[in-house]
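**Q** Coordinates in model37.txt, compact mmCIF, C-alpha atoms and all ligand atoms, are listed below.
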```
# COMPACT_ATOMS: atom_id res chain seq x y z
CA MET A 1 88.58 95.54 80.54
CA ASP A 2 88.64 98.63 78.39
CA ALA A 3 88.04 101.06 81.27
CA PRO A 4 91.08 102.77 82.83
CA LEU A 5 92.13 101.88 86.34
CA PRO A 6 89.55 103.20 88.76
CA GLU A 7 91.54 106.05 90.29
CA PRO A 8 89.83 109.42 90.71
CA GLU A 9 91.66 112.53 89.47
CA PRO A 10 92.40 114.17 92.87
CA LEU A 11 93.98 110.92 94.08
CA LYS A 12 96.13 110.63 90.96
CA ALA A 13 97.24 114.25 91.34
CA LEU A 14 98.17 113.66 94.98
CA ILE A 15 100.21 110.55 94.20
CA GLU A 16 102.02 112.38 91.39
CA ALA A 17 102.82 115.32 93.68
CA LEU A 18 104.11 113.07 96.48
CA ARG A 19 106.43 111.36 94.00
CA ARG A 20 108.34 114.62 93.59
CA LEU A 21 109.58 114.32 97.18
CA PRO A 22 113.18 113.02 97.32
CA GLY A 23 113.36 109.28 97.98
CA VAL A 24 109.67 108.69 97.30
CA GLY A 25 108.79 106.22 94.55
CA VAL A 26 105.36 105.45 93.19
CA ARG A 27 104.66 102.75 95.77
CA SER A 28 105.51 104.94 98.77
CA ALA A 29 103.59 107.84 97.22
CA ARG A 30 100.52 105.62 96.93
CA ARG A 31 100.91 104.35 100.48
CA MET A 32 101.29 107.92 101.77
CA ALA A 33 98.23 109.11 99.87
CA TYR A 34 96.00 106.25 101.04
CA TYR A 35 97.24 106.62 104.59
CA MET A 36 96.59 110.36 104.79
CA LEU A 37 93.18 110.12 103.18
CA GLN A 38 92.14 107.20 105.34
CA TYR A 39 93.68 107.98 108.70
CA ASP A 40 95.05 111.51 108.82
CA LEU A 41 92.96 114.13 107.07
CA THR A 42 94.13 116.64 109.67
CA GLY A 43 97.72 115.83 108.76
CA ALA A 44 96.99 116.24 105.06
CA ASP A 45 95.47 119.61 105.75
CA LEU A 46 98.39 120.64 107.98
CA LEU A 47 100.90 119.59 105.35
CA SER A 48 99.07 121.49 102.63
CA ARG A 49 99.13 124.69 104.70
CA ALA A 50 102.71 124.16 105.85
CA LEU A 51 103.87 123.81 102.25
CA SER A 52 102.22 126.98 101.04
CA GLY A 53 103.28 128.77 104.22
CA ALA A 54 106.90 127.78 103.68
CA VAL A 55 106.89 128.57 99.96
CA GLN A 56 105.40 132.01 100.60
CA GLY A 57 107.04 132.79 103.93
CA LEU A 58 110.64 131.71 103.48
CA ARG A 59 113.54 133.15 101.52
CA HIS A 60 117.33 132.96 101.62
CA CYS A 61 119.08 135.11 104.18
CA ALA A 62 120.97 137.89 102.40
CA ARG A 63 124.05 137.18 104.52
CA CYS A 64 124.22 133.44 105.29
CA ASN A 65 121.96 132.02 102.53
CA SER A 66 119.98 129.85 105.00
CA PHE A 67 116.19 129.91 105.08
CA THR A 68 114.66 132.86 106.88
CA GLU A 69 111.42 134.79 107.12
CA ASP A 70 113.18 138.15 106.95
CA GLU A 71 115.82 139.80 104.79
CA VAL A 72 118.52 138.74 107.28
CA CYS A 73 118.13 135.82 109.71
CA VAL A 74 118.25 135.98 113.52
CA THR A 75 121.62 134.23 113.66
CA CYS A 76 123.28 136.76 111.37
CA LEU A 77 121.70 139.62 113.34
CA ASN A 78 122.79 138.25 116.74
CA PRO A 79 125.31 140.80 118.15
CA LYS A 80 126.79 138.15 120.47
CA ARG A 81 128.13 136.22 117.48
CA ASP A 82 131.80 136.65 116.58
CA PRO A 83 131.86 138.22 113.07
CA SER A 84 135.49 137.24 112.52
CA LEU A 85 134.57 133.55 112.22
CA LEU A 86 132.62 132.20 109.24
CA CYS A 87 131.63 128.53 109.18
CA VAL A 88 130.70 127.13 105.76
CA VAL A 89 128.24 124.20 105.79
CA GLU A 90 126.36 122.30 103.10
CA THR A 91 122.83 122.42 104.55
CA PRO A 92 120.76 124.00 107.33
CA ALA A 93 120.74 120.55 108.97
CA ASP A 94 124.54 120.70 109.24
CA GLN A 95 124.26 124.18 110.71
CA ASN A 96 121.80 122.83 113.29
CA MET A 97 124.20 120.03 114.23
CA ILE A 98 127.03 122.49 114.83
CA GLU A 99 124.72 124.81 116.78
CA SER A 100 123.57 121.97 119.00
CA SER A 101 127.18 121.14 119.87
CA HIS A 102 127.30 124.53 121.68
CA GLY A 103 130.93 124.73 120.62
CA TYR A 104 130.76 127.53 118.06
CA ARG A 105 130.03 131.23 118.49
CA GLY A 106 130.82 132.62 115.04
CA LEU A 107 128.64 133.11 111.97
CA TYR A 108 127.62 130.74 109.15
CA TYR A 109 127.29 130.47 105.43
CA VAL A 110 125.01 127.73 104.10
CA LEU A 111 125.93 126.49 100.61
CA MET A 112 122.62 124.67 100.10
CA GLY A 113 124.52 121.91 98.35
CA ARG A 114 128.02 120.78 97.43
CA LEU A 115 130.08 120.62 94.26
CA ALA A 116 128.85 117.67 92.21
CA PRO A 117 130.08 118.05 88.62
CA LEU A 118 128.33 114.86 87.51
CA GLU A 119 124.99 116.33 88.59
CA GLY A 120 125.80 119.65 86.99
CA VAL A 121 126.37 121.41 90.32
CA GLY A 122 129.36 123.71 89.90
CA PRO A 123 130.66 126.93 91.52
CA GLN A 124 128.09 128.93 89.59
CA GLU A 125 125.10 126.83 90.75
CA LEU A 126 126.27 127.20 94.35
CA GLN A 127 126.79 130.94 93.84
CA PHE A 128 130.37 130.97 95.10
CA ASP A 129 130.56 134.63 94.08
CA ARG A 130 127.98 135.47 96.77
CA LEU A 131 129.97 133.52 99.35
CA LEU A 132 133.22 135.26 98.38
CA GLN A 133 131.49 138.62 98.67
CA ARG A 134 130.25 137.63 102.12
CA SER A 135 133.70 136.51 103.27
CA SER A 136 135.32 139.76 102.07
CA ASP A 137 133.33 142.03 104.38
CA GLY A 138 136.50 143.08 106.18
CA LEU A 139 135.39 141.47 109.46
CA VAL A 140 135.85 137.79 108.65
CA ARG A 141 139.35 136.57 109.49
CA GLU A 142 138.92 132.81 109.54
CA VAL A 143 136.74 130.51 107.43
CA ILE A 144 135.96 127.12 108.94
CA LEU A 145 135.13 124.60 106.23
CA ALA A 146 132.52 122.27 107.69
CA THR A 147 131.38 120.50 104.54
CA ASN A 148 130.83 116.74 104.85
CA PHE A 149 133.73 114.29 104.90
CA THR A 150 132.47 112.69 101.72
CA ALA A 151 134.21 112.82 98.34
CA GLU A 152 132.01 115.69 97.24
CA GLY A 153 132.27 117.54 100.53
CA GLU A 154 136.06 117.23 100.45
CA THR A 155 136.22 118.49 96.87
CA THR A 156 134.06 121.46 97.83
CA ALA A 157 136.26 122.23 100.83
CA HIS A 158 139.42 121.96 98.75
CA TYR A 159 138.06 124.21 96.02
CA LEU A 160 136.83 126.83 98.50
CA SER A 161 140.02 126.83 100.55
CA GLU A 162 141.99 128.07 97.55
CA LEU A 163 139.51 130.87 96.93
CA PHE A 164 139.56 131.98 100.56
CA ARG A 165 143.34 131.83 100.79
CA ALA A 166 143.49 134.11 97.75
CA GLN A 167 141.41 136.54 99.81
CA GLY A 168 144.07 136.44 102.52
CA LEU A 169 141.79 134.63 104.98
CA SER A 170 142.87 131.93 107.37
CA VAL A 171 141.17 128.65 106.37
CA THR A 172 140.52 125.69 108.69
CA ARG A 173 138.68 122.38 108.42
CA LEU A 174 136.80 120.43 111.09
CA ALA A 175 139.06 117.85 112.74
CA ARG A 176 138.70 114.27 111.59
CA GLY A 177 139.05 111.54 114.17
CA VAL A 178 137.47 108.96 116.43
CA PRO A 179 133.92 110.00 117.43
CA ALA A 180 133.54 111.04 121.07
CA GLY A 181 132.30 108.19 123.26
CA SER A 182 133.03 105.46 120.75
CA GLU A 183 134.99 102.25 121.28
CA LEU A 184 137.88 101.77 118.88
CA GLU A 185 136.75 98.22 118.16
CA TYR A 186 133.64 99.57 116.46
CA VAL A 187 135.18 102.49 114.56
CA ASP A 188 135.88 101.94 110.86
CA ALA A 189 139.47 101.55 109.74
CA GLY A 190 139.49 104.67 107.60
CA THR A 191 138.57 106.82 110.58
CA ILE A 192 141.28 105.18 112.69
CA ALA A 193 143.82 105.84 109.95
CA TRP A 194 142.88 109.54 109.90
CA ALA A 195 142.94 109.73 113.68
CA ILE A 196 146.49 108.35 113.72
CA MET A 197 147.65 110.65 110.93
CA GLU A 198 146.17 113.70 112.64
CA ARG A 199 147.15 112.66 116.17
CA ARG A 200 147.82 115.45 118.67
CA ILE A 201 150.34 115.92 121.45
CA THR A 202 148.44 115.97 124.75
CA MET B 2 124.65 129.46 123.14
CA ASP B 3 121.38 130.43 124.77
CA ALA B 4 119.54 131.09 121.51
CA PRO B 5 117.38 128.27 120.07
CA LEU B 6 118.45 126.55 116.90
CA PRO B 7 118.11 129.00 114.03
CA GLU B 8 115.09 127.48 112.31
CA PRO B 9 112.31 129.80 111.13
CA GLU B 10 108.74 128.93 112.08
CA PRO B 11 107.40 128.04 108.58
CA LEU B 12 110.29 125.61 108.10
CA LYS B 13 109.66 123.97 111.48
CA ALA B 14 105.97 123.65 110.67
CA LEU B 15 106.76 122.05 107.30
CA ILE B 16 109.16 119.51 108.82
CA GLU B 17 106.60 118.61 111.50
CA ALA B 18 103.87 118.15 108.90
CA LEU B 19 106.07 115.97 106.67
CA ARG B 20 106.84 113.73 109.67
CA ARG B 21 103.19 112.70 109.79
CA LEU B 22 103.62 110.86 106.48
CA PRO B 23 104.01 107.09 107.01
CA GLY B 24 107.65 105.97 106.98
CA VAL B 25 109.04 109.50 107.26
CA GLY B 26 111.28 110.23 110.26
CA VAL B 27 112.67 113.58 111.28
CA ARG B 28 115.77 113.24 109.10
CA SER B 29 113.84 112.45 105.92
CA ALA B 30 111.32 115.18 106.72
CA ARG B 31 114.16 117.69 106.97
CA ARG B 32 115.74 116.46 103.75
CA MET B 33 112.38 116.67 101.96
CA ALA B 34 111.73 120.20 103.25
CA TYR B 35 115.18 121.51 102.28
CA TYR B 36 114.97 119.83 98.90
CA MET B 37 111.56 121.24 98.04
CA LEU B 38 112.41 124.75 99.22
CA GLN B 39 115.74 124.76 97.45
CA TYR B 40 115.04 122.91 94.21
CA ASP B 41 111.34 122.34 93.70
CA LEU B 42 109.10 125.22 94.74
CA THR B 43 106.74 124.23 91.94
CA GLY B 44 106.52 120.75 93.42
CA ALA B 45 105.84 122.14 96.88
CA ASP B 46 103.05 124.23 95.47
CA LEU B 47 101.64 121.31 93.48
CA LEU B 48 101.71 119.06 96.55
CA SER B 49 100.00 121.69 98.68
CA ARG B 50 97.17 122.01 96.16
CA ALA B 51 96.94 118.26 95.55
CA LEU B 52 96.54 117.64 99.28
CA SER B 53 93.74 120.13 99.76
CA GLY B 54 92.16 119.01 96.48
CA ALA B 55 92.17 115.39 97.62
CA VAL B 56 90.94 116.17 101.14
CA GLN B 57 88.09 118.25 99.78
CA GLY B 58 87.35 116.33 96.59
CA LEU B 59 87.47 112.70 97.69
CA ARG B 60 85.13 110.57 99.75
CA HIS B 61 84.41 106.87 100.17
CA CYS B 62 82.21 105.26 97.54
CA ALA B 63 78.86 104.38 99.09
CA ARG B 64 79.03 100.93 97.51
CA CYS B 65 82.67 99.78 97.38
CA ASN B 66 84.27 102.06 100.00
CA SER B 67 87.14 103.06 97.68
CA PHE B 68 88.03 106.71 97.10
CA THR B 69 85.80 108.55 94.69
CA GLU B 70 84.77 112.06 93.73
CA ASP B 71 81.09 111.16 93.59
CA GLU B 72 78.59 109.35 95.78
CA VAL B 73 79.23 106.12 93.87
CA CYS B 74 82.43 105.43 91.90
CA VAL B 75 82.69 104.74 88.16
CA THR B 76 83.57 101.09 88.71
CA CYS B 77 80.45 100.45 90.79
CA LEU B 78 78.33 102.29 88.20
CA ASN B 79 79.77 100.38 85.24
CA PRO B 80 76.87 98.31 83.78
CA LYS B 81 79.32 95.91 82.11
CA ARG B 82 80.48 94.67 85.51
CA ASP B 83 79.04 91.40 86.80
CA PRO B 84 77.10 92.26 90.00
CA SER B 85 77.07 88.64 91.16
CA LEU B 86 80.82 88.74 91.91
CA LEU B 87 82.24 90.78 94.78
CA CYS B 88 86.00 90.89 95.26
CA VAL B 89 87.18 92.03 98.72
CA VAL B 90 90.61 93.72 98.82
CA GLU B 91 92.58 95.51 101.52
CA THR B 92 93.52 98.70 99.65
CA PRO B 93 92.84 100.60 96.41
CA ALA B 94 96.37 99.57 95.35
CA ASP B 95 95.32 95.91 95.53
CA GLN B 96 92.21 96.74 93.52
CA ASN B 97 94.43 98.38 90.89
CA MET B 98 96.63 95.28 90.70
CA ILE B 99 93.64 93.04 90.10
CA GLU B 100 92.22 95.47 87.54
CA SER B 101 95.50 95.55 85.66
CA SER B 102 95.47 91.74 85.40
CA HIS B 103 92.43 92.13 83.11
CA GLY B 104 91.19 88.85 84.58
CA TYR B 105 88.24 90.07 86.62
CA ARG B 106 84.92 91.53 85.53
CA GLY B 107 82.96 91.65 88.80
CA LEU B 108 82.68 94.37 91.45
CA TYR B 109 84.87 95.26 94.43
CA TYR B 110 84.78 96.13 98.09
CA VAL B 111 87.82 97.91 99.53
CA LEU B 112 88.37 97.29 103.25
CA MET B 113 90.88 100.15 103.62
CA GLY B 114 92.86 97.97 105.99
CA ARG B 115 92.95 94.50 107.53
CA LEU B 116 92.22 93.00 110.93
CA ALA B 117 95.12 93.85 113.23
CA PRO B 118 94.03 93.32 116.84
CA LEU B 119 97.40 94.46 118.19
CA GLU B 120 96.94 97.82 116.48
CA GLY B 121 93.35 98.05 117.65
CA VAL B 122 91.92 97.38 114.19
CA GLY B 123 88.91 95.09 114.62
CA PRO B 124 85.69 94.32 112.71
CA GLN B 125 84.18 97.56 113.97
CA GLU B 126 87.05 99.77 112.78
CA LEU B 127 86.85 98.14 109.34
CA GLN B 128 83.06 98.59 109.32
CA PHE B 129 82.29 94.95 108.52
CA ASP B 130 78.60 95.78 108.98
CA ARG B 131 78.76 98.01 105.89
CA LEU B 132 80.45 95.24 103.91
CA LEU B 133 77.85 92.67 105.01
CA GLN B 134 75.09 95.03 103.99
CA ARG B 135 76.76 95.45 100.61
CA SER B 136 77.09 91.69 100.08
CA SER B 137 73.43 91.08 100.97
CA ASP B 138 72.03 93.14 98.10
CA GLY B 139 70.47 90.03 96.57
CA LEU B 140 72.68 90.21 93.47
CA VAL B 141 76.00 89.06 94.91
CA ARG B 142 76.40 85.27 94.70
CA GLU B 143 80.13 84.83 95.20
CA VAL B 144 82.61 86.74 97.33
CA ILE B 145 86.25 86.45 96.29
CA LEU B 146 88.55 87.12 99.24
CA ALA B 147 91.63 88.85 97.83
CA THR B 148 93.23 90.05 101.04
CA ASN B 149 97.01 89.67 101.23
CA PHE B 150 98.64 86.33 101.93
CA THR B 151 100.13 87.68 105.13
CA ALA B 152 99.18 86.58 108.65
CA GLU B 153 96.83 89.54 109.02
CA GLY B 154 95.37 89.18 105.53
CA GLU B 155 94.71 85.47 106.15
CA THR B 156 93.05 86.19 109.48
CA THR B 157 90.84 88.78 107.82
CA ALA B 158 89.91 86.36 105.03
CA HIS B 159 89.14 83.59 107.51
CA TYR B 160 86.98 85.87 109.65
CA LEU B 161 85.07 87.24 106.67
CA SER B 162 84.53 83.86 105.06
CA GLU B 163 82.48 82.73 108.06
CA LEU B 164 80.33 85.85 107.92
CA PHE B 165 79.68 85.47 104.19
CA ARG B 166 78.93 81.77 104.47
CA ALA B 167 76.33 82.63 107.12
CA GLN B 168 74.76 84.86 104.46
CA GLY B 169 74.51 81.84 102.16
CA LEU B 170 77.09 83.22 99.74
CA SER B 171 79.72 81.19 97.96
CA VAL B 172 83.16 82.24 99.22
CA THR B 173 86.45 81.81 97.33
CA ARG B 174 90.06 82.86 97.88
CA LEU B 175 92.70 83.78 95.30
CA ALA B 176 94.78 80.76 94.36
CA ARG B 177 98.18 80.43 95.97
CA GLY B 178 101.01 79.04 93.89
CA VAL B 179 104.14 79.60 91.85
CA PRO B 180 104.14 83.08 90.28
CA ALA B 181 103.68 83.10 86.50
CA GLY B 182 106.99 83.29 84.63
CA SER B 183 109.12 82.37 87.62
CA GLU B 184 111.77 79.65 87.83
CA LEU B 185 111.23 77.14 90.63
CA GLU B 186 114.82 77.54 91.76
CA TYR B 187 114.10 81.11 92.82
CA VAL B 188 110.69 80.58 94.42
CA ASP B 189 110.58 80.39 98.22
CA ALA B 190 109.92 77.01 99.82
CA GLY B 191 106.66 78.06 101.44
CA THR B 192 105.20 78.97 98.08
CA ILE B 193 106.34 75.65 96.58
CA ALA B 194 104.73 73.80 99.50
CA TRP B 195 101.43 75.58 98.85
CA ALA B 196 101.67 74.94 95.12
CA ILE B 197 102.10 71.22 95.73
CA MET B 198 99.26 71.09 98.25
CA GLU B 199 96.92 72.94 95.92
CA ARG B 200 98.09 71.19 92.73
CA ARG B 201 95.59 70.80 89.92
CA ILE B 202 94.84 68.03 87.43
CA THR B 203 95.67 69.33 83.96
ZN ZN C 1 121.63 134.57 107.99
ZN ZN C 2 82.57 102.06 94.22
```
Give the structure from the file, written as structure tokens.

**A**
Amino acid sequence: MDAPLPEPEPLKALIEALRRLPGVGVRSARRMAYYMLQYDLTGADLLSRALSGAVQGLRHCARCNSFTEDEVCVTCLNPKRDPSLLCVVETPADQNMIESSHGYRGLYYVLMGRLAPLEGVGPQELQFDRLLQRSSDGLVREVILATNFTAEGETTAHYLSELFRAQGLSVTRLARGVPAGSELEYVDAGTIAWAIMERRIT
Amino acid sequence: MDAPLPEPEPLKALIEALRRLPGVGVRSARRMAYYMLQYDLTGADLLSRALSGAVQGLRHCARCNSFTEDEVCVTCLNPKRDPSLLCVVETPADQNMIESSHGYRGLYYVLMGRLAPLEGVGPQELQFDRLLQRSSDGLVREVILATNFTAEGETTAHYLSELFRAQGLSVTRLARGVPAGSELEYVDAGTIAWAIMERRIT
């Protein structure tokens, strides 16, 4: 056969665009495209609008760097929040997790990433200067480092803690330990080791 | 905290829309949304346009049922194709695979699915009447059933073969056997069993 594969241009363009999503290879992109076109035209339409709505309607909060529709987000504007506490997280998802714990009443800063030198993500890419400006507003007293307990999250926390200490701020890190409600038998050994090392007098 | 989680409306809408994609749960949808908004605004824009372009620009070919921009697709209109052969596949991806084998010069019919009674997909949902009308054009002599070699694909092939035989057409199925270039040691036993059963005199 000399003819190219019989794939119309709009379908090709859709598959290519879906492939740009993280974790989506060419096979999944194809499956997604066929599925939407065959069974969920409404969903395809919704997604198209949602994408352009988000691209046009969202920006980074001038104070916490999370996504917001306005100059400053509702969380940062909330007068009930304690401005002396600043919790640094990697992503808005992490912020949501902490919010849903109902255990925190301070403010946030969302890094939108973590230090990853091998991927070319350094202090400049994460705009640490903006964060340091935020933390030096004269109100913040304590910075809670809530980056992930991964190698990269730990590196980020370590790096930031030195910068904040140089600003004279008190720096804390989320406690590591056995997850609430879990049975020791099913907790991994590394977590147990940390829980023993950081044990508390009750 | 009485306030809802701090997620602006356009972001919520985007995450909801991404969740409609097959195989995408709420966590992946979130990750995709954050990623696009943070690192690939161009991609988000491209995807938005590609979706509306595909929804508006594509329809089902009147002859083969695959996606096309026109009433009838280029494959169906190709005069070099043998109109006496009709190959029935489940999806456009399967059609592409057969095309790329360069071993087929007939025409196609794309089911856009397979019989799956448990999911409520029966002969009516797959519009078998349209397929039977297509195969009774007086030119088709042989129907090649190229549905998948899965339980559902086999059921579909079996069901269709009876309908086509009733039309007086010759019905064939893709050969089952050891994949080209593979070592027997690494081929699954079921495949070997089929290859022995369907062995050929050389
Ligand atoms: Zn904010
Ligand atoms: Zn066609």

**Q** Smallest atom-to-atom distance to chain A: which of B:Asn66, B:Met113, B:Gly121, B:Leu87, using all atoms listed in the file?

**A** B:Met113

**Q** When the cut-off is 7 Å and you count all atoms listed in the file, which residues lie near ligand ZN 2 (chain C), shown as a list in words?

**A**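 Counting only what the definition allows, namely all atoms listed in the file, the set is Cys62, Ala63, Arg64, Cys65, Asn66, Ser67, Val73, Cys74, Val75, Thr76 and Cys77 of chain B.
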
**Q** Using all atoms listed in the file, what does the table of chain A residues within 8 Å of chain B look like, with each row giving the shortest atom pair and its distance in Å to one decimal, sorted by chain and ascending number, as CSV?

**A**
```
residue,atom,partner,partner_atom,distance
A:Met1,CA,B:His103,CA,5.7
A:Leu5,CA,B:Asn97,CA,6.2
A:Pro6,CA,B:Thr76,CA,6.3
A:Glu7,CA,B:Thr69,CA,7.7
A:Pro8,CA,B:Thr69,CA,5.7
A:Pro10,CA,B:Ala55,CA,4.9
A:Leu11,CA,B:Ala55,CA,6.0
A:Ala13,CA,B:Ala51,CA,5.8
A:Leu14,CA,B:Ala51,CA,4.8
A:Ala17,CA,B:Leu48,CA,4.8
A:Leu18,CA,B:Leu48,CA,6.5
A:Arg20,CA,B:Gly44,CA,6.4
A:Leu21,CA,B:Met33,CA,6.0
A:Pro22,CA,B:Met33,CA,6.0
A:Arg30,CA,B:Ala94,CA,7.5
A:Arg31,CA,B:Pro23,CA,7.7
A:Met32,CA,B:Pro23,CA,6.0
A:Tyr34,CA,B:Pro93,CA,8.0
A:Tyr35,CA,B:Pro23,CA,7.2
A:Met36,CA,B:Leu22,CA,7.2
A:Leu37,CA,B:Val56,CA,6.8
A:Gln38,CA,B:Met113,CA,7.4
A:Leu41,CA,B:Val56,CA,6.6
A:Gly43,CA,B:Arg21,CA,6.4
A:Ala44,CA,B:Leu52,CA,6.0
A:Asp45,CA,B:Ser53,CA,6.3
A:Leu46,CA,B:Ala18,CA,6.1
A:Leu47,CA,B:Ala18,CA,4.8
A:Ser48,CA,B:Ser49,CA,4.1
A:Arg49,CA,B:Ser49,CA,6.8
A:Ala50,CA,B:Leu15,CA,4.8
A:Leu51,CA,B:Ser49,CA,5.7
A:Ser52,CA,B:Ser49,CA,6.2
A:Gly53,CA,B:Pro11,CA,6.0
A:Ala54,CA,B:Pro11,CA,4.9
A:Val55,CA,B:Leu42,CA,6.6
A:Gly57,CA,B:Pro11,CA,6.7
A:Leu58,CA,B:Pro11,CA,7.1
A:Phe67,CA,B:Pro9,CA,7.2
A:Thr68,CA,B:Pro9,CA,5.7
A:Glu69,CA,B:Pro9,CA,6.5
A:Val74,CA,B:Pro7,CA,7.0
A:Thr75,CA,B:Pro7,CA,6.3
A:Pro92,CA,B:Tyr35,CA,7.9
A:Ala93,CA,B:Arg31,CA,7.4
A:Asn96,CA,B:Leu6,CA,6.2
A:Glu99,CA,B:Leu6,CA,6.5
A:Ser100,CA,B:Leu6,CA,7.2
A:His102,CA,B:Met2,CA,5.8
A:Arg105,CA,B:Met2,CA,7.3
A:Met112,CA,B:Gln39,CA,7.4
```

**Q** Just C-alpha atoms for this one: save the residues we selected as a PDB file, in the coordinates of the input.

**A**
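Saved the output as part-v5.pdb:
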```
ATOM      1  CA  MET A   1      88.580  95.540  80.540  1.00  0.00           C
ATOM      2  CA  LEU A   5      92.130 101.880  86.340  1.00  0.00           C
ATOM      3  CA  PRO A   6      89.550 103.200  88.760  1.00  0.00           C
ATOM      4  CA  GLU A   7      91.540 106.050  90.290  1.00  0.00           C
ATOM      5  CA  PRO A   8      89.830 109.420  90.710  1.00  0.00           C
ATOM      6  CA  PRO A  10      92.400 114.170  92.870  1.00  0.00           C
ATOM      7  CA  LEU A  11      93.980 110.920  94.080  1.00  0.00           C
ATOM      8  CA  ALA A  13      97.240 114.250  91.340  1.00  0.00           C
ATOM      9  CA  LEU A  14      98.170 113.660  94.980  1.00  0.00           C
ATOM     10  CA  ALA A  17     102.820 115.320  93.680  1.00  0.00           C
ATOM     11  CA  LEU A  18     104.110 113.070  96.480  1.00  0.00           C
ATOM     12  CA  ARG A  20     108.340 114.620  93.590  1.00  0.00           C
ATOM     13  CA  LEU A  21     109.580 114.320  97.180  1.00  0.00           C
ATOM     14  CA  PRO A  22     113.180 113.020  97.320  1.00  0.00           C
ATOM     15  CA  ARG A  30     100.520 105.620  96.930  1.00  0.00           C
ATOM     16  CA  ARG A  31     100.910 104.350 100.480  1.00  0.00           C
ATOM     17  CA  MET A  32     101.290 107.920 101.770  1.00  0.00           C
ATOM     18  CA  TYR A  34      96.000 106.250 101.040  1.00  0.00           C
ATOM     19  CA  TYR A  35      97.240 106.620 104.590  1.00  0.00           C
ATOM     20  CA  MET A  36      96.590 110.360 104.790  1.00  0.00           C
ATOM     21  CA  LEU A  37      93.180 110.120 103.180  1.00  0.00           C
ATOM     22  CA  GLN A  38      92.140 107.200 105.340  1.00  0.00           C
ATOM     23  CA  LEU A  41      92.960 114.130 107.070  1.00  0.00           C
ATOM     24  CA  GLY A  43      97.720 115.830 108.760  1.00  0.00           C
ATOM     25  CA  ALA A  44      96.990 116.240 105.060  1.00  0.00           C
ATOM     26  CA  ASP A  45      95.470 119.610 105.750  1.00  0.00           C
ATOM     27  CA  LEU A  46      98.390 120.640 107.980  1.00  0.00           C
ATOM     28  CA  LEU A  47     100.900 119.590 105.350  1.00  0.00           C
ATOM     29  CA  SER A  48      99.070 121.490 102.630  1.00  0.00           C
ATOM     30  CA  ARG A  49      99.130 124.690 104.700  1.00  0.00           C
ATOM     31  CA  ALA A  50     102.710 124.160 105.850  1.00  0.00           C
ATOM     32  CA  LEU A  51     103.870 123.810 102.250  1.00  0.00           C
ATOM     33  CA  SER A  52     102.220 126.980 101.040  1.00  0.00           C
ATOM     34  CA  GLY A  53     103.280 128.770 104.220  1.00  0.00           C
ATOM     35  CA  ALA A  54     106.900 127.780 103.680  1.00  0.00           C
ATOM     36  CA  VAL A  55     106.890 128.570  99.960  1.00  0.00           C
ATOM     37  CA  GLY A  57     107.040 132.790 103.930  1.00  0.00           C
ATOM     38  CA  LEU A  58     110.640 131.710 103.480  1.00  0.00           C
ATOM     39  CA  PHE A  67     116.190 129.910 105.080  1.00  0.00           C
ATOM     40  CA  THR A  68     114.660 132.860 106.880  1.00  0.00           C
ATOM     41  CA  GLU A  69     111.420 134.790 107.120  1.00  0.00           C
ATOM     42  CA  VAL A  74     118.250 135.980 113.520  1.00  0.00           C
ATOM     43  CA  THR A  75     121.620 134.230 113.660  1.00  0.00           C
ATOM     44  CA  PRO A  92     120.760 124.000 107.330  1.00  0.00           C
ATOM     45  CA  ALA A  93     120.740 120.550 108.970  1.00  0.00           C
ATOM     46  CA  ASN A  96     121.800 122.830 113.290  1.00  0.00           C
ATOM     47  CA  GLU A  99     124.720 124.810 116.780  1.00  0.00           C
ATOM     48  CA  SER A 100     123.570 121.970 119.000  1.00  0.00           C
ATOM     49  CA  HIS A 102     127.300 124.530 121.680  1.00  0.00           C
ATOM     50  CA  ARG A 105     130.030 131.230 118.490  1.00  0.00           C
ATOM     51  CA  MET A 112     122.620 124.670 100.100  1.00  0.00           C
TER      52      MET A 112
END
```

**Q** Please, what is the axis-aligned box for every listed atom of region 71-84 of chain A with 4 Å on each side, as centre and edge lengths in Å to one decimal, as AutoDock Vina command-line options?

**A**
```
--center_x 125.7 --center_y 137.5 --center_z 112.6 --size_x 27.7 --size_y 14.6 --size_z 23.7
```

**Q** What separation in Å, quoted to one decimal, exists between CA of Pro124 (chain B) and CA of Gly139 (chain B)?

**A**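 Taking CA of Pro124 (chain B) and CA of Gly139 (chain B), their separation equals 22.6 Å.
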
**Q** What's around region 165-169 of chain A at 8 Å? Count only C-alpha atoms, leave out sequence neighbours fewer than 4 positions away in its own chain, and write the answer as a PDB file with C-alpha atoms, in the coordinates of the input.

**A**
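Output below, filename selection_17.pdb:
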```pdb
ATOM      1  CA  SER A 136     135.320 139.760 102.070  1.00  0.00           C
ATOM      2  CA  VAL A 140     135.850 137.790 108.650  1.00  0.00           C
ATOM      3  CA  ARG A 141     139.350 136.570 109.490  1.00  0.00           C
ATOM      4  CA  GLU A 142     138.920 132.810 109.540  1.00  0.00           C
ATOM      5  CA  VAL A 143     136.740 130.510 107.430  1.00  0.00           C
ATOM      6  CA  SER A 161     140.020 126.830 100.550  1.00  0.00           C
TER       7      SER A 161
END
```

**Q** Give the answer as one residue: which of A:Leu107, A:Leu174, A:Ile196, A:Leu126 has the shortest atom-to-atom distance to ligand ZN 1 (chain C), using only C-alpha atoms and all ligand atoms?

**A**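 The answer is A:Leu107, which sits nearest to ligand ZN 1 (chain C).
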
**Q** Compile the contact shell of Met197 (chain A) as a VMD selection string: residues with an atom at most 12 Å away, counting all atoms listed in the file, same-chain residues fewer than 4 positions apart removed.

**A** chain A and resid 175 to 178 190 to 193
